[in-house]
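As structure tokens, the structure follows; a few thoughts come after it.
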Amino acid sequence: MATIPAADLRTRVHELMPQVRADLERLVRIPSVSAEGHDPAPLVRSAELVAELLRAVGADTRVLRAEGGHPAVVGYLKAPPGKPTVVLYAHHDVQPPGPDSEWKTPPFAPTERDGRLYGRGAADDKAGVLAHIAALRAYDGKPPVGVAVFVEGEEEAGSERLRGYLEGEGDRLRCDAVVVADGGNWRIGVPAVTTTLRGVVACVIEVRVLDKAVHSGGFGGPLPDALTTLAHVLASLHDERGRVRVEGLASGKAPPLDLTEAELREQAGCPSRARRSACASRRARMQRRRSTRW
Ligand SMILES: [Zn+2]
């Protein structure tokens, strides 16, 4: 298909929205919680619904299942000759909803309030799934590039089988760009493209200072303490102003964001008195408290 002018595309997307919204609500009604201890059956249903939506738009679609894992869905639309391929990523699993008392309306009954759709997964990340499907619908299933849609079912539970699924698909997922519809915009009504994210590192640190366990009443004080040592190690990762102090980690200046400190604090629920140096002042307070107790 030839490239569609942006104005026409906008009109098409606008026309498609009622059905996209209805399909999003179908998906939100499925309690696809991937955390351990929750019923895995709904994840099969949400994967099947995603597969149904992808097939309806003409994608060559399969549901991938790995032993002990939750299903992922892949759908392929071949690239026109000489055109690049884009992988579109989203996930169909959700976080546990927590206590019902925290919800104004039931978590798996999508409800519109003040122009927003509420329900577990309505934003993260079933809206992402539908954004990809809406894009394919806007092009009548014939986008101007090759598309591989990959919708994971255990993003909220550590993505343990993601590598296996990706390796299993091999060259079919080879692409020129990946679009991950699992981010946020920091202002309602302003679309945002995230180009960089902070990563995380998980590791186990073991601190051992004695050959055996001894009673704190008899030995505490003169001997090294493992917990205190560990606290010192952890505290050394940042300086007193909260800046990362790990050798080898790059840091630099980023272009200024169109976001004020007040907006950031409000979105994060961070009171104005809490600062990045909170750990330093908390440490000082704890030291004061300890000295009065002694
Ligand atoms: Zn997500």
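Chain lettering (A, B, ...) mirrors the order of the structure tokens, residue numbering begins at 1 for each chain separately, and ligand numbering begins at 1 in order of display.
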
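For ligand 1, the protein and nucleic acid residues at most 6 Å away, judged by only C-alpha atoms and all ligand atoms, amount to Asp124, Asp125 and Asp182 of chain A.
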
**Item:** Which of region 72-280 of chain A fall in alpha helix (DSSP H), as a ChimeraX atom specification
**Value:** /A:126-138,162-169,216-219,226-235,261-268,278-280

Per-residue nearest contacts region 116-220 of chain A to region 15-34 of chain A, cut-off 9 Å, using only C-alpha atoms, as a Markdown table:
```
| residue | atom | partner | partner_atom | distance |
| --- | --- | --- | --- | --- |
| A:Leu117 | CA | A:Glu25 | CA | 8.9 |
| A:Gly119 | CA | A:Val28 | CA | 6.5 |
| A:Arg120 | CA | A:Val28 | CA | 6.7 |
| A:Gly121 | CA | A:Val28 | CA | 6.0 |
| A:Ala122 | CA | A:Val28 | CA | 5.8 |
| A:Lys126 | CA | A:Leu24 | CA | 6.6 |
| A:Ala127 | CA | A:Leu24 | CA | 6.5 |
| A:Val129 | CA | A:Leu24 | CA | 8.4 |
| A:Leu130 | CA | A:Leu24 | CA | 6.3 |
| A:Ala131 | CA | A:Val20 | CA | 8.2 |
| A:Ile133 | CA | A:Val20 | CA | 8.2 |
| A:Ala134 | CA | A:Val20 | CA | 6.5 |
| A:Arg137 | CA | A:Leu16 | CA | 7.8 |
| A:Ala138 | CA | A:Leu16 | CA | 7.5 |
| A:Gly153 | CA | A:Ser34 | CA | 7.1 |
| A:Glu154 | CA | A:Ser34 | CA | 5.7 |
| A:Glu155 | CA | A:Ser34 | CA | 8.1 |
| A:Glu156 | CA | A:Ser34 | CA | 6.5 |
| A:Ala157 | CA | A:Ser34 | CA | 5.9 |
```

Taking only region 39-174 of chain A into account, list the residues labelled strand (DSSP E or B) by DSSP (computed from the backbone), as a compact mmCIF listing (two decimals) with N, CA and C atoms, in the first residue's frame.
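Writing the result to part-v3.txt gives the following:
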```txt
# COMPACT_ATOMS: atom_id res chain seq x y z
N ASP A 60 -0.39 -13.33 9.99
CA ASP A 60 -0.12 -14.77 10.14
C ASP A 60 0.24 -14.98 11.62
N THR A 61 -0.70 -15.51 12.38
CA THR A 61 -0.63 -15.43 13.84
C THR A 61 -0.52 -16.79 14.51
N ARG A 62 0.28 -16.85 15.56
CA ARG A 62 0.37 -18.06 16.37
C ARG A 62 0.44 -17.69 17.84
N VAL A 63 -0.09 -18.57 18.68
CA VAL A 63 0.06 -18.42 20.13
C VAL A 63 1.22 -19.32 20.54
N LEU A 64 2.20 -18.74 21.24
CA LEU A 64 3.39 -19.50 21.65
C LEU A 64 3.22 -19.93 23.10
N ALA A 72 2.54 -16.27 24.81
CA ALA A 72 2.79 -15.04 24.06
C ALA A 72 2.13 -15.21 22.69
N VAL A 73 1.97 -14.10 21.99
CA VAL A 73 1.32 -14.14 20.68
C VAL A 73 2.23 -13.44 19.66
N VAL A 74 2.39 -14.06 18.50
CA VAL A 74 3.11 -13.37 17.41
C VAL A 74 2.23 -13.30 16.19
N GLY A 75 2.33 -12.22 15.47
CA GLY A 75 1.58 -12.06 14.22
C GLY A 75 2.46 -11.36 13.20
N TYR A 76 2.48 -11.91 11.98
CA TYR A 76 3.39 -11.37 10.96
C TYR A 76 2.62 -10.84 9.74
N LEU A 77 3.08 -9.70 9.26
CA LEU A 77 2.62 -9.16 7.98
C LEU A 77 3.88 -8.90 7.16
N THR A 85 11.33 -3.93 8.15
CA THR A 85 10.37 -4.60 9.04
C THR A 85 10.45 -4.00 10.44
N VAL A 86 9.30 -3.81 11.03
CA VAL A 86 9.21 -3.23 12.37
C VAL A 86 8.57 -4.25 13.31
N VAL A 87 9.17 -4.45 14.48
CA VAL A 87 8.55 -5.28 15.50
C VAL A 87 7.74 -4.37 16.42
N LEU A 88 6.49 -4.74 16.65
CA LEU A 88 5.63 -3.98 17.56
C LEU A 88 5.44 -4.83 18.81
N TYR A 89 5.85 -4.31 19.95
CA TYR A 89 5.79 -5.08 21.20
C TYR A 89 4.72 -4.51 22.14
N ALA A 90 4.03 -5.40 22.82
CA ALA A 90 3.15 -5.01 23.94
C ALA A 90 3.00 -6.26 24.82
N HIS A 91 2.28 -6.15 25.94
CA HIS A 91 2.03 -7.35 26.75
C HIS A 91 0.57 -7.42 27.18
N VAL A 94 -1.28 -8.57 33.27
CA VAL A 94 -1.42 -7.39 34.15
C VAL A 94 -0.91 -7.70 35.55
N THR A 111 -14.45 1.00 33.04
CA THR A 111 -15.43 2.06 33.30
C THR A 111 -14.85 3.41 32.91
N GLU A 112 -15.63 4.19 32.19
CA GLU A 112 -15.16 5.54 31.83
C GLU A 112 -15.54 6.54 32.92
N ARG A 113 -14.56 7.32 33.31
CA ARG A 113 -14.80 8.35 34.32
C ARG A 113 -13.99 9.58 33.92
N ARG A 116 -11.58 9.22 31.05
CA ARG A 116 -10.51 8.22 31.12
C ARG A 116 -11.15 6.85 31.33
N LEU A 117 -10.51 5.81 30.78
CA LEU A 117 -11.03 4.45 30.95
C LEU A 117 -10.27 3.78 32.09
N TYR A 118 -11.00 3.37 33.12
CA TYR A 118 -10.37 2.74 34.29
C TYR A 118 -10.62 1.24 34.27
N GLY A 146 7.06 -4.10 6.62
CA GLY A 146 6.78 -5.39 7.22
C GLY A 146 6.54 -5.19 8.71
N VAL A 147 5.65 -6.00 9.26
CA VAL A 147 5.34 -5.86 10.69
C VAL A 147 5.35 -7.23 11.35
N ALA A 148 6.00 -7.30 12.51
CA ALA A 148 5.91 -8.49 13.36
C ALA A 148 5.41 -8.01 14.71
N VAL A 149 4.23 -8.46 15.09
CA VAL A 149 3.68 -8.06 16.39
C VAL A 149 4.04 -9.14 17.40
N PHE A 150 4.60 -8.73 18.52
CA PHE A 150 4.94 -9.69 19.57
C PHE A 150 4.26 -9.23 20.86
N VAL A 151 3.35 -10.03 21.37
CA VAL A 151 2.60 -9.66 22.57
C VAL A 151 2.88 -10.70 23.65
N GLU A 152 3.60 -10.25 24.66
CA GLU A 152 4.07 -11.15 25.71
C GLU A 152 3.02 -11.34 26.81
```

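Here CA of Leu166 (chain A) and CA of Pro97 (chain A) stand 28.6 Å from one another.
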
**Request:** Pick out the closest residue to Thr228 (chain A) from this set: A:Arg245, A:Arg273, A:Arg161, A:Arg208. Count only C-alpha atoms.
**Result:** A:Arg208

**Asked** For Ala79 (chain A), which residue out of A:Gly128, A:Gly141, A:Gly37, A:Gly242 is the nearest one, using only C-alpha atoms?
**Response** A:Gly141

**Polymer residues at most 8 Å from Trp186 (chain A), only C-alpha atoms, same-chain spacing of 3 or more positions, as a list in words** = Val190, Ala192 and Leu259 of chain A

Produce a file of the selected residues containing all heavy atoms, as a PDB file, in the first residue's frame.
```pdb
ATOM      1  N   VAL A 190      -0.943  14.493  25.216  1.00  0.00           N
ATOM      2  CA  VAL A 190       0.293  14.743  24.462  1.00  0.00           C
ATOM      3  C   VAL A 190       1.003  13.407  24.235  1.00  0.00           C
ATOM      4  O   VAL A 190       1.554  12.826  25.166  1.00  0.00           O
ATOM      5  CB  VAL A 190       1.238  15.712  25.215  1.00  0.00           C
ATOM      6  CG1 VAL A 190       2.509  15.958  24.399  1.00  0.00           C
ATOM      7  CG2 VAL A 190       0.531  17.012  25.533  1.00  0.00           C
ATOM      8  N   ALA A 192       3.802  10.734  23.449  1.00  0.00           N
ATOM      9  CA  ALA A 192       5.235  10.815  23.750  1.00  0.00           C
ATOM     10  C   ALA A 192       5.946   9.587  23.193  1.00  0.00           C
ATOM     11  O   ALA A 192       5.393   8.493  23.162  1.00  0.00           O
ATOM     12  CB  ALA A 192       5.444  10.891  25.263  1.00  0.00           C
ATOM     13  N   LEU A 259       8.976  19.316  31.335  1.00  0.00           N
ATOM     14  CA  LEU A 259       8.283  18.819  32.526  1.00  0.00           C
ATOM     15  C   LEU A 259       8.840  19.574  33.722  1.00  0.00           C
ATOM     16  O   LEU A 259      10.056  19.625  33.914  1.00  0.00           O
ATOM     17  CB  LEU A 259       8.556  17.327  32.684  1.00  0.00           C
ATOM     18  CG  LEU A 259       7.906  16.615  33.869  1.00  0.00           C
ATOM     19  CD1 LEU A 259       6.422  16.409  33.596  1.00  0.00           C
ATOM     20  CD2 LEU A 259       8.556  15.260  34.112  1.00  0.00           C
TER      21      LEU A 259
END
```
